[in-house]
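One file, upload.txt, carrying compact mmCIF, C-alpha atoms and all ligand atoms:
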# COMPACT_ATOMS: atom_id res chain seq x y z
CA MET A 188 -37.71 -6.80 -93.37
CA PHE A 189 -40.87 -4.91 -94.07
CA LYS A 190 -41.25 -1.40 -92.82
CA ILE A 191 -44.38 0.59 -93.63
CA ILE A 192 -44.86 4.26 -92.97
CA LEU A 193 -48.07 5.12 -91.09
CA GLY A 194 -48.07 8.86 -91.65
CA SER A 195 -45.31 11.31 -90.64
CA ASP A 196 -45.06 10.15 -87.02
CA ALA A 197 -45.32 6.36 -87.06
CA GLU A 198 -44.29 3.18 -88.81
CA LEU A 199 -44.97 -0.54 -88.75
CA ARG A 200 -42.02 -2.99 -88.79
CA LEU A 201 -41.90 -6.74 -88.59
CA LEU A 202 -40.61 -7.72 -85.12
CA GLU A 203 -37.08 -9.13 -85.06
CA LEU A 204 -34.99 -10.60 -82.24
CA HIS A 205 -33.01 -7.41 -81.73
CA HIS A 206 -36.28 -5.67 -80.75
CA ALA A 207 -36.68 -7.96 -77.72
CA ASP A 208 -35.21 -5.57 -75.13
CA GLU A 209 -37.33 -2.65 -76.30
CA LEU A 210 -40.47 -4.81 -76.44
CA PHE A 211 -39.84 -6.22 -72.98
CA VAL A 212 -39.42 -2.72 -71.48
CA LEU A 213 -42.71 -1.64 -73.09
CA THR A 214 -44.51 -4.72 -71.77
CA ASP A 215 -42.96 -4.49 -68.32
CA SER A 216 -43.83 -0.84 -67.86
CA ASN A 217 -47.44 -1.49 -68.92
CA ARG A 218 -48.24 -4.67 -66.98
CA LYS A 219 -51.20 -3.28 -65.08
CA HIS A 220 -52.68 -1.65 -68.17
CA LEU A 221 -52.22 -4.73 -70.41
CA ARG A 222 -53.36 -7.26 -67.78
CA GLN A 223 -56.89 -5.82 -67.90
CA TRP A 224 -57.54 -7.55 -71.24
CA LEU A 225 -54.54 -9.64 -72.33
CA PRO A 226 -54.03 -13.16 -70.95
CA TRP A 227 -50.30 -13.57 -71.73
CA VAL A 228 -48.84 -10.74 -69.62
CA ASP A 229 -47.96 -12.78 -66.51
CA GLY A 230 -46.33 -15.42 -68.73
CA ASN A 231 -43.96 -12.82 -70.14
CA SER A 232 -41.81 -11.76 -67.21
CA THR A 233 -38.25 -11.90 -68.64
CA VAL A 234 -36.50 -10.67 -71.79
CA ASN A 235 -35.94 -14.32 -72.71
CA GLU A 236 -39.69 -14.91 -72.76
CA THR A 237 -40.08 -11.90 -75.05
CA LYS A 238 -37.36 -13.40 -77.27
CA GLY A 239 -39.29 -16.69 -77.29
CA PHE A 240 -42.39 -14.82 -78.44
CA ILE A 241 -40.49 -13.11 -81.27
CA GLU A 242 -38.89 -16.42 -82.33
CA GLY A 243 -42.35 -18.06 -82.47
CA SER A 244 -43.64 -15.13 -84.44
CA ARG A 245 -40.74 -15.39 -86.96
CA LYS A 246 -41.55 -19.08 -87.46
CA ARG A 247 -45.19 -18.24 -88.16
CA TYR A 248 -44.02 -15.65 -90.66
CA ALA A 249 -41.75 -18.19 -92.40
CA ALA A 250 -44.60 -20.73 -92.49
CA ASN A 251 -47.02 -18.14 -93.92
CA THR A 252 -49.39 -18.51 -90.96
CA GLY A 253 -49.03 -14.99 -89.60
CA TYR A 254 -46.66 -12.34 -88.28
CA ASP A 255 -46.25 -9.74 -85.56
CA ALA A 256 -45.35 -6.18 -86.36
CA GLY A 257 -44.21 -3.51 -83.94
CA ILE A 258 -45.76 -0.06 -84.14
CA TRP A 259 -43.19 2.71 -83.67
CA TYR A 260 -44.44 6.16 -82.74
CA GLN A 261 -41.99 9.07 -82.98
CA GLY A 262 -39.14 6.57 -82.88
CA GLN A 263 -40.41 4.66 -79.81
CA LEU A 264 -41.91 1.18 -79.84
CA ALA A 265 -45.54 1.83 -78.92
CA GLY A 266 -47.31 -1.53 -79.37
CA VAL A 267 -47.80 -4.64 -81.45
CA LEU A 268 -50.23 -5.70 -84.13
CA GLY A 269 -50.37 -9.44 -84.82
CA CYS A 270 -51.88 -11.32 -87.71
CA PHE A 271 -52.42 -14.97 -86.77
CA GLY A 272 -54.28 -18.15 -87.64
CA VAL A 273 -53.81 -17.47 -91.35
CA SER A 274 -55.40 -20.20 -93.44
CA LEU A 275 -54.70 -19.80 -97.12
CA SER A 276 -57.11 -22.64 -97.95
CA ASN A 277 -59.98 -20.94 -96.12
CA ARG A 278 -58.58 -17.50 -97.06
CA PHE A 279 -58.97 -16.47 -93.44
CA ALA A 280 -56.92 -14.66 -90.75
CA SER A 281 -57.36 -13.05 -87.35
CA ILE A 282 -55.77 -9.89 -86.06
CA GLY A 283 -55.04 -8.67 -82.54
CA TYR A 284 -53.29 -5.61 -81.15
CA TRP A 285 -52.17 -3.70 -78.10
CA LEU A 286 -50.58 -0.36 -77.30
CA GLY A 287 -48.69 0.97 -74.30
CA GLU A 288 -50.98 3.18 -72.27
CA GLU A 289 -49.14 6.40 -73.11
CA TYR A 290 -49.47 5.77 -76.86
CA GLN A 291 -53.25 5.66 -76.96
CA GLY A 292 -55.23 8.37 -78.70
CA HIS A 293 -53.10 8.86 -81.84
CA GLY A 294 -55.11 6.53 -84.10
CA LEU A 295 -52.11 4.19 -84.29
CA ILE A 296 -54.03 0.91 -84.21
CA THR A 297 -56.62 2.08 -86.74
CA ARG A 298 -53.88 3.19 -89.13
CA ALA A 299 -51.90 -0.02 -88.65
CA CYS A 300 -55.01 -2.20 -89.10
CA LYS A 301 -55.75 -0.51 -92.43
CA VAL A 302 -52.30 -1.45 -93.70
CA VAL A 303 -52.62 -5.02 -92.43
CA LEU A 304 -56.09 -5.38 -93.97
CA ASP A 305 -54.90 -3.98 -97.31
CA HIS A 306 -52.13 -6.59 -97.21
CA ALA A 307 -54.48 -9.42 -96.16
CA PHE A 308 -57.05 -8.74 -98.87
CA GLY A 309 -54.56 -7.49 -101.46
CA GLU A 310 -51.27 -9.44 -101.24
CA TRP A 311 -52.68 -12.59 -99.66
CA ASN A 312 -56.06 -12.42 -101.38
CA LEU A 313 -57.84 -13.50 -98.18
CA ASN A 314 -61.62 -13.52 -97.98
CA ARG A 315 -62.20 -12.94 -94.28
CA VAL A 316 -60.42 -11.24 -91.39
CA GLU A 317 -61.67 -11.59 -87.86
CA ILE A 318 -61.11 -9.50 -84.72
CA ARG A 319 -62.26 -10.75 -81.32
CA CYS A 320 -62.63 -8.25 -78.50
CA ALA A 321 -63.69 -8.70 -74.90
CA MET A 322 -67.28 -7.54 -74.66
CA ASP A 323 -66.49 -4.80 -72.11
CA ASN A 324 -63.30 -3.60 -73.80
CA ARG A 325 -64.89 -0.56 -75.41
CA LYS A 326 -61.61 0.96 -76.64
CA SER A 327 -60.64 -2.22 -78.47
CA ARG A 328 -64.14 -2.68 -79.91
CA ALA A 329 -64.08 0.85 -81.30
CA ILE A 330 -61.35 -0.22 -83.76
CA PRO A 331 -63.29 -2.80 -85.83
CA GLU A 332 -66.41 -0.66 -85.51
CA ARG A 333 -64.56 2.36 -86.94
CA LEU A 334 -63.14 0.21 -89.72
CA GLY A 335 -66.62 -0.97 -90.72
CA PHE A 336 -66.35 -4.58 -89.49
CA THR A 337 -69.63 -6.42 -88.88
CA ASN A 338 -70.40 -7.38 -85.30
CA GLU A 339 -71.29 -11.02 -85.85
CA GLY A 340 -72.29 -11.82 -82.32
CA MET A 341 -71.18 -12.58 -78.82
CA ILE A 342 -69.64 -15.78 -77.57
CA ARG A 343 -69.93 -16.50 -73.88
CA ASP A 344 -66.79 -17.14 -71.79
CA GLY A 345 -64.61 -16.75 -74.87
CA GLU A 346 -61.36 -16.37 -72.92
CA TRP A 347 -59.86 -17.13 -69.50
CA LEU A 348 -58.31 -13.97 -68.10
CA TYR A 349 -56.23 -14.97 -65.03
CA ASP A 350 -59.16 -15.57 -62.66
CA HIS A 351 -62.35 -15.18 -64.66
CA PHE A 352 -63.85 -15.72 -68.12
CA VAL A 353 -64.71 -12.84 -70.43
CA ASP A 354 -67.33 -12.85 -73.16
CA HIS A 355 -66.10 -12.01 -76.65
CA ILE A 356 -67.62 -10.07 -79.51
CA ILE A 357 -66.61 -11.42 -82.91
CA TYR A 358 -66.11 -8.88 -85.66
CA GLY A 359 -65.63 -9.92 -89.28
CA MET A 360 -64.60 -8.13 -92.46
CA LEU A 361 -65.06 -9.79 -95.84
CA ALA A 362 -62.96 -8.93 -98.86
CA LYS A 363 -66.03 -7.75 -100.76
CA ASP A 364 -66.81 -5.22 -98.00
CA TRP A 365 -63.29 -3.83 -97.54
CA PRO A 366 -63.43 -0.37 -99.17
CA SER A 367 -59.91 -0.32 -100.60
CA ASN A 368 -59.77 -3.99 -101.57
CA PRO A 369 -58.02 -4.10 -104.93
CA HIS A 370 -59.65 -7.47 -105.75
CA GLY A 371 -63.25 -6.71 -104.84
CA ALA A 372 -66.02 -4.45 -105.94
CA SER A 373 -65.22 -1.68 -103.52
CA ASP A 374 -68.19 0.24 -102.25
CA ARG A 375 -67.18 3.55 -100.83
CA ARG A 376 -70.75 4.33 -99.79
CA ALA A 377 -70.21 1.94 -96.88
CA SER A 378 -67.00 3.49 -95.59
CA GLY A 379 -67.00 5.93 -92.70
CA ILE A 380 -70.51 5.12 -91.54
CA GLU A 381 -70.82 5.75 -87.83
CA ILE A 382 -73.55 4.38 -85.57
CA ARG A 383 -74.36 6.36 -82.44
CA GLU A 384 -77.14 7.01 -79.99
CA VAL A 385 -79.08 10.16 -80.78
CA HIS A 386 -80.33 12.38 -77.97
CA SER A 387 -81.91 15.31 -79.78
CA GLY A 388 -83.70 15.75 -83.09
CA LYS A 389 -85.02 12.18 -83.05
CA GLY A 390 -88.36 13.11 -84.61
CA HIS A 391 -86.65 14.99 -87.44
CA LEU A 392 -84.31 12.06 -88.13
CA CYS A 393 -87.27 9.67 -88.17
CA GLU A 394 -89.42 11.85 -90.42
CA GLN A 395 -86.65 12.56 -92.95
CA THR A 396 -85.81 8.87 -93.23
CA LEU A 397 -89.38 7.60 -93.46
CA ARG A 398 -90.24 10.18 -96.15
CA ALA A 399 -87.35 8.76 -98.20
CA LEU A 400 -89.00 5.31 -98.02
CA PRO A 401 -92.48 5.81 -99.58
CA ASP A 402 -92.69 2.14 -100.63
CA TRP A 403 -92.64 1.13 -96.97
CA PHE A 404 -94.08 4.17 -95.23
CA GLY A 405 -96.74 5.61 -97.52
CA ILE A 406 -99.39 6.57 -94.96
CA GLU A 407 -99.07 10.20 -93.87
CA GLN A 408 -100.71 9.70 -90.48
CA ALA A 409 -98.33 6.83 -89.69
CA ILE A 410 -95.31 9.07 -90.39
CA VAL A 411 -96.75 11.79 -88.16
CA ASN A 412 -97.36 9.28 -85.35
CA TYR A 413 -93.89 7.69 -85.60
CA THR A 414 -92.26 11.12 -85.65
CA ALA A 415 -94.00 12.10 -82.41
CA ASP A 416 -93.54 8.72 -80.69
CA VAL A 417 -89.80 8.34 -81.20
CA GLU A 418 -89.02 11.58 -79.34
CA SER A 419 -89.29 9.70 -76.03
CA MET A 420 -87.61 6.49 -77.20
CA PRO A 421 -83.96 5.41 -77.19
CA THR A 422 -82.89 6.07 -80.78
CA PHE A 423 -79.75 5.18 -82.69
CA GLY A 424 -78.69 6.85 -85.92
CA ALA A 425 -76.33 5.92 -88.75
CA PHE A 426 -74.30 8.86 -90.05
CA LYS A 427 -71.88 9.45 -92.86
CA GLY A 428 -70.17 12.65 -91.79
CA ASP A 429 -73.04 15.08 -91.19
CA GLN A 430 -75.51 13.14 -93.29
CA ALA A 431 -78.04 10.91 -91.51
CA VAL A 432 -78.52 7.71 -93.50
CA GLY A 433 -80.77 5.73 -91.17
CA PHE A 434 -82.13 5.24 -87.66
CA LEU A 435 -83.71 2.79 -85.26
CA SER A 436 -86.01 3.62 -82.33
CA LEU A 437 -86.51 1.22 -79.51
CA LYS A 438 -89.57 0.65 -77.34
CA ILE A 439 -88.82 -0.87 -73.96
CA HIS A 440 -91.68 -3.16 -72.95
CA SER A 441 -90.37 -4.80 -69.80
CA GLU A 442 -87.20 -5.72 -67.94
CA ALA A 443 -86.80 -8.57 -70.40
CA THR A 444 -87.90 -7.19 -73.75
CA GLY A 445 -87.21 -4.32 -76.11
CA GLU A 446 -88.92 -3.86 -79.48
CA ILE A 447 -87.65 -2.32 -82.72
CA TYR A 448 -90.46 0.21 -82.85
CA VAL A 449 -89.44 1.63 -86.20
CA MET A 450 -86.30 1.60 -88.31
CA GLY A 451 -85.26 2.64 -91.77
CA ILE A 452 -82.21 3.16 -93.96
CA ARG A 453 -82.31 5.62 -96.86
CA PRO A 454 -82.74 3.53 -100.04
CA GLU A 455 -79.44 4.59 -101.62
CA PHE A 456 -77.70 3.03 -98.61
CA HIS A 457 -79.51 -0.33 -98.56
CA ARG A 458 -77.55 -3.61 -98.49
CA LEU A 459 -74.43 -2.06 -96.99
CA ARG A 460 -74.86 -3.74 -93.59
CA ILE A 461 -75.97 -0.47 -92.01
CA GLY A 462 -79.31 -1.90 -90.84
CA GLY A 463 -77.45 -4.88 -89.38
CA ARG A 464 -75.04 -2.59 -87.53
CA LEU A 465 -77.88 -0.48 -86.12
CA VAL A 466 -79.58 -3.59 -84.77
CA GLN A 467 -76.28 -4.77 -83.27
CA ALA A 468 -75.81 -1.43 -81.50
CA VAL A 469 -79.29 -1.77 -80.06
CA GLU A 470 -78.63 -5.36 -78.99
CA ASP A 471 -75.50 -4.25 -77.11
CA HIS A 472 -77.49 -1.45 -75.50
CA LEU A 473 -80.20 -3.87 -74.35
CA ARG A 474 -77.79 -6.55 -73.09
CA LYS A 475 -76.12 -3.97 -70.88
CA SER A 476 -79.42 -3.27 -69.14
CA GLY A 477 -80.12 -7.00 -68.70
CA HIS A 478 -82.72 -7.33 -71.44
CA ARG A 479 -83.00 -10.80 -72.97
CA TYR A 480 -85.24 -10.44 -76.02
CA LEU A 481 -85.59 -8.14 -79.00
CA THR A 482 -88.85 -8.17 -80.93
CA VAL A 483 -90.23 -6.46 -84.01
CA LYS A 484 -93.66 -6.26 -85.63
CA THR A 485 -93.80 -6.11 -89.39
CA LEU A 486 -96.15 -6.83 -92.26
CA SER A 487 -97.12 -10.52 -92.40
CA PRO A 488 -96.46 -12.60 -95.55
CA ALA A 489 -100.26 -13.16 -95.52
CA ARG A 490 -100.35 -9.92 -97.50
CA GLU A 491 -98.19 -10.13 -100.55
CA ASN A 492 -95.79 -7.20 -100.66
CA HIS A 493 -92.41 -7.22 -102.35
CA GLU A 494 -90.86 -4.54 -100.13
CA TYR A 495 -91.86 -6.11 -96.82
CA GLU A 496 -90.72 -9.50 -98.06
CA ALA A 497 -87.22 -7.96 -98.24
CA THR A 498 -87.71 -6.52 -94.75
CA ARG A 499 -88.58 -9.97 -93.35
CA ARG A 500 -85.53 -11.45 -95.10
CA PHE A 501 -83.41 -8.81 -93.43
CA TYR A 502 -84.74 -9.67 -89.98
CA ALA A 503 -84.38 -13.42 -90.63
CA SER A 504 -80.78 -12.91 -91.81
CA ILE A 505 -79.83 -11.26 -88.51
CA GLY A 506 -81.34 -14.01 -86.36
CA PHE A 507 -85.01 -13.12 -85.90
CA ALA A 508 -87.58 -15.94 -85.90
CA SER A 509 -91.25 -15.52 -86.81
CA LEU A 510 -93.30 -15.95 -83.64
CA GLU A 511 -96.95 -15.20 -84.25
CA GLU A 512 -99.40 -13.63 -86.71
CA PHE A 513 -101.89 -10.99 -85.56
CA PRO A 514 -104.39 -10.73 -88.44
CA THR A 515 -106.35 -7.74 -87.11
CA LEU A 516 -103.98 -5.83 -84.80
CA TRP A 517 -103.33 -3.16 -87.47
CA GLY A 518 -106.65 -3.75 -89.28
CA GLU A 519 -107.44 -6.52 -91.75
CA ALA A 520 -105.65 -4.80 -94.61
CA ASN A 521 -102.30 -5.01 -92.77
CA PRO A 522 -101.88 -8.38 -91.05
CA CYS A 523 -99.07 -8.21 -88.53
CA LEU A 524 -96.20 -10.65 -87.97
CA MET A 525 -94.29 -10.63 -84.71
CA MET A 526 -90.64 -11.67 -84.90
CA ALA A 527 -88.13 -12.02 -82.08
CA LYS A 528 -84.59 -12.98 -81.23
CA SER A 529 -82.96 -13.94 -77.99
CA LEU A 530 -80.13 -11.68 -76.80
C1 LIG B 1 -84.84 -3.43 -93.72
C2 LIG B 1 -83.65 -2.46 -93.71
C3 LIG B 1 -83.67 -1.69 -92.39
C4 LIG B 1 -82.37 -3.27 -93.83
O1 LIG B 1 -81.25 -2.41 -93.77
P1 LIG B 1 -79.99 -2.62 -94.72
O2 LIG B 1 -78.91 -1.75 -94.20
O3 LIG B 1 -80.40 -2.45 -96.14
O4 LIG B 1 -79.68 -4.17 -94.49
P2 LIG B 1 -78.26 -4.85 -94.36
O5 LIG B 1 -77.37 -4.37 -95.45
O6 LIG B 1 -77.78 -4.71 -92.94
O7 LIG B 1 -78.67 -6.37 -94.67
C5 LIG B 1 -78.18 -7.45 -93.93
C6 LIG B 1 -78.65 -8.72 -94.59
O8 LIG B 1 -80.09 -8.77 -94.60
C7 LIG B 1 -80.54 -9.41 -95.80
N1 LIG B 1 -81.26 -8.44 -96.63
C8 LIG B 1 -81.32 -7.10 -96.46
N2 LIG B 1 -82.07 -6.55 -97.44
C9 LIG B 1 -82.49 -7.56 -98.23
C10 LIG B 1 -83.27 -7.62 -99.42
N3 LIG B 1 -83.77 -6.51 -99.98
N4 LIG B 1 -83.50 -8.83 -99.97
C11 LIG B 1 -82.98 -9.95 -99.43
N5 LIG B 1 -82.22 -9.96 -98.30
C12 LIG B 1 -81.98 -8.77 -97.71
C13 LIG B 1 -79.28 -9.87 -96.53
O9 LIG B 1 -78.96 -11.17 -96.05
C14 LIG B 1 -78.26 -8.85 -96.06
O10 LIG B 1 -76.92 -9.30 -96.14
P3 LIG B 1 -76.18 -9.24 -97.62
O11 LIG B 1 -76.47 -7.89 -98.22
O12 LIG B 1 -74.72 -9.46 -97.30
O13 LIG B 1 -76.79 -10.37 -98.42
C15 LIG B 1 -83.69 -1.46 -94.91
O14 LIG B 1 -83.71 -2.21 -96.10
C16 LIG B 1 -84.86 -0.51 -94.89
O15 LIG B 1 -84.72 0.62 -94.45
N6 LIG B 1 -86.02 -0.94 -95.40
C17 LIG B 1 -87.17 -0.10 -95.48
C18 LIG B 1 -87.78 0.19 -94.14
C19 LIG B 1 -88.12 -1.06 -93.34
O16 LIG B 1 -88.40 -2.12 -93.89
N7 LIG B 1 -88.12 -0.89 -92.02
C20 LIG B 1 -88.48 -1.94 -91.09
C21 LIG B 1 -89.94 -1.88 -90.87
S1 LIG B 1 -90.50 -3.16 -89.77
Have the structure of the file written as structure tokens, please.
Amino acid sequence: MFKIILGSDAELRLLELHHADELFVLTDSNRKHLRQWLPWVDGNSTVNETKGFIEGSRKRYAANTGYDAGIWYQGQLAGVLGCFGVSLSNRFASIGYWLGEEYQGHGLITRACKVVLDHAFGEWNLNRVEIRCAMDNRKSRAIPERLGFTNEGMIRDGEWLYDHFVDHIIYGMLAKDWPSNPHGASDRRASGIEIREVHSGKGHLCEQTLRALPDWFGIEQAIVNYTADVESMPTFGAFKGDQAVGFLSLKIHSEATGEIYVMGIRPEFHRLRIGGRLVQAVEDHLRKSGHRYLTVKTLSPARENHEYEATRRFYASIGFASLEEFPTLWGEANPCLMMAKSL
């Protein structure tokens, strides 16, 4: 059965019946830890139930609808990564994972996911892989975010967890966006982009980015004003290593509403889903503080402009609706369109 090396200290092996005892011990010694986010823990209270799980998993493997692989770290079973719901007609699969508490922090799940994604997009030629994480499970959500998945939105009450529902965030990766996909046009510019909140140097980040976008931000005084204004605003940046590739600054208007005050991605990084990820980070940030709406003001289609037409398409593609035109708010030469989305 398959065995894949995950660096010098770990490997991934398809689960087989003779692993049941080891898997049960790992589950049993981590009940409290696993119960926080996994709904099946109470239903797995004997070795026989673990055997039943492995048998079911073997059947899924034989039927080409998925598999479960154990992750071994320094010779010890550390966790499981499952690929399930495989549909070869829709070229789709989901993945899920867990680790024993003591095995966290070694990058095991990220490494294992890379292998499973290479297999899904390479061997199986799938088009889409999905990961669903409980909204508040930050450690789990960090995995798809680190791997460059797109946060495609939140579903309410996505799962019953013993005595309450939890909301889920759905993350998706398409074959065309997977950096090492042997079948697709890989785009390494998109890999390793990290989105994070910025606490110092906001003005500098804003100014550098806006100066790289003269087709959108050509008025010197506007750049100076934005650069000063964003210093006091929550600001999120997109970084590739040390290089800043974009930013978004947020203006909080009320308990209900935040506004994208200004955002920009350096032109050489356009169309890589970085803008979409920045907006998603800001949406998460706002939801946590109880905000319900996100708005943005941009140039209205009443003034023909190729660049801002693309900007409006971007906002529309991530769920913004056009609300109202303000023909004179920014002066007659720059009619303003207000767009908004519900959080
Ligand atoms: C608008 C902007 C922030 C978008 O960021 P981005 O990282 O390039 O956008 P994404 O890759 O996340 O795009 C997500 C989706 O939006 C849509 N979209 C983005 N740019 C588009 C364009 N030029 N034309 C048509 N659709 C576009 C697409 O549906 C795209 O998905 P796809 O590439 O899979 O088709 C960026 O283009 C930018 O910095 N523009 C200049 C500054 C600006 O307009 N700021 C906002 C001022 S209000």
Enclose all atoms of ligand LIG 1 (chain B) listed in the file in an axis-aligned box, grow every side by 3 Å, and hand back centre and edge lengths in Å to one decimal, as AutoDock Vina command-line options.
--center_x -82.6 --center_y -5.3 --center_z -94.9 --size_x 21.8 --size_y 17.8 --size_z 16.2
Residues within 12 Å of (-45.2, 0.3, -72.7), file coords, all atoms listed in the file, listed as a VMD selection string: chain A and resid 208 to 221 257 to 260 263 to 267 285 to 291
Selection as a ChimeraX atom specification: residues within 8 Å of ligand LIG 1 (chain B) by all atoms listed in the file: /A:397,400,402-404,433,447-454,456-464,483-486,494-505
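Rounded to one decimal, CA of Asn492 (chain A) and CA of Val432 (chain A) lie 23.9 Å from each other.
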Contacts of Ile410 (chain A) within 10 Å, only C-alpha atoms, excl. fewer than 3 positions in-chain, as a VMD selection string: chain A and resid 390 393 to 398 404 to 407 413 to 416
Spatial neighbours of Leu481 (chain A), 8 Å, only C-alpha atoms, chain gap at least 3 places, as a ChimeraX atom specification: /A:444-447,470,527-530
Which residue of A:Asn312, A:Thr422, A:Gln261, A:Ser509 approaches Ser195 (chain A) most closely, using only C-alpha atoms: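 Closest to Ser195 (chain A), using only C-alpha atoms: A:Gln261.
For the pair CA of Arg200 (chain A) and CA of Gly292 (chain A), the separation is 20.1 Å.
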Straight-line distance linking CA of Leu435 (chain A) with CA of Met360 (chain A), stated in Å to one decimal: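 Computed distance, CA of Leu435 (chain A) to CA of Met360 (chain A), equals 23.2 Å.
Using all atoms listed in the file, the shortest contact distance between Phe426 (chain A) and any of A:Ser378, A:Ser281, A:Ser476, A:Ser387 is found at A:Ser378.
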Expected answer as a list in words: all residues with atoms within 9 Å of (-57.8, -15.2, -71.7), only C-alpha atoms: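 Residues found, by chain and rising number: Trp224, Leu225, Pro226, Trp227, Gly345, Glu346, Trp347, Leu348, Tyr349, His351, Phe352 and Val353 of chain A.
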Can I get the selection written as an mmCIF file, keeping the file's coordinate frame, with C-alpha atoms?
data_model
loop_
_atom_site.group_PDB
_atom_site.id
_atom_site.type_symbol
_atom_site.label_atom_id
_atom_site.label_comp_id
_atom_site.auth_asym_id
_atom_site.auth_seq_id
_atom_site.Cartn_x
_atom_site.Cartn_y
_atom_site.Cartn_z
ATOM 1 C CA TRP A 224 -57.540 -7.550 -71.240
ATOM 2 C CA LEU A 225 -54.540 -9.640 -72.330
ATOM 3 C CA PRO A 226 -54.030 -13.160 -70.950
ATOM 4 C CA TRP A 227 -50.300 -13.570 -71.730
ATOM 5 C CA GLY A 345 -64.610 -16.750 -74.870
ATOM 6 C CA GLU A 346 -61.360 -16.370 -72.920
ATOM 7 C CA TRP A 347 -59.860 -17.130 -69.500
ATOM 8 C CA LEU A 348 -58.310 -13.970 -68.100
ATOM 9 C CA TYR A 349 -56.230 -14.970 -65.030
ATOM 10 C CA HIS A 351 -62.350 -15.180 -64.660
ATOM 11 C CA PHE A 352 -63.850 -15.720 -68.120
ATOM 12 C CA VAL A 353 -64.710 -12.840 -70.430
#
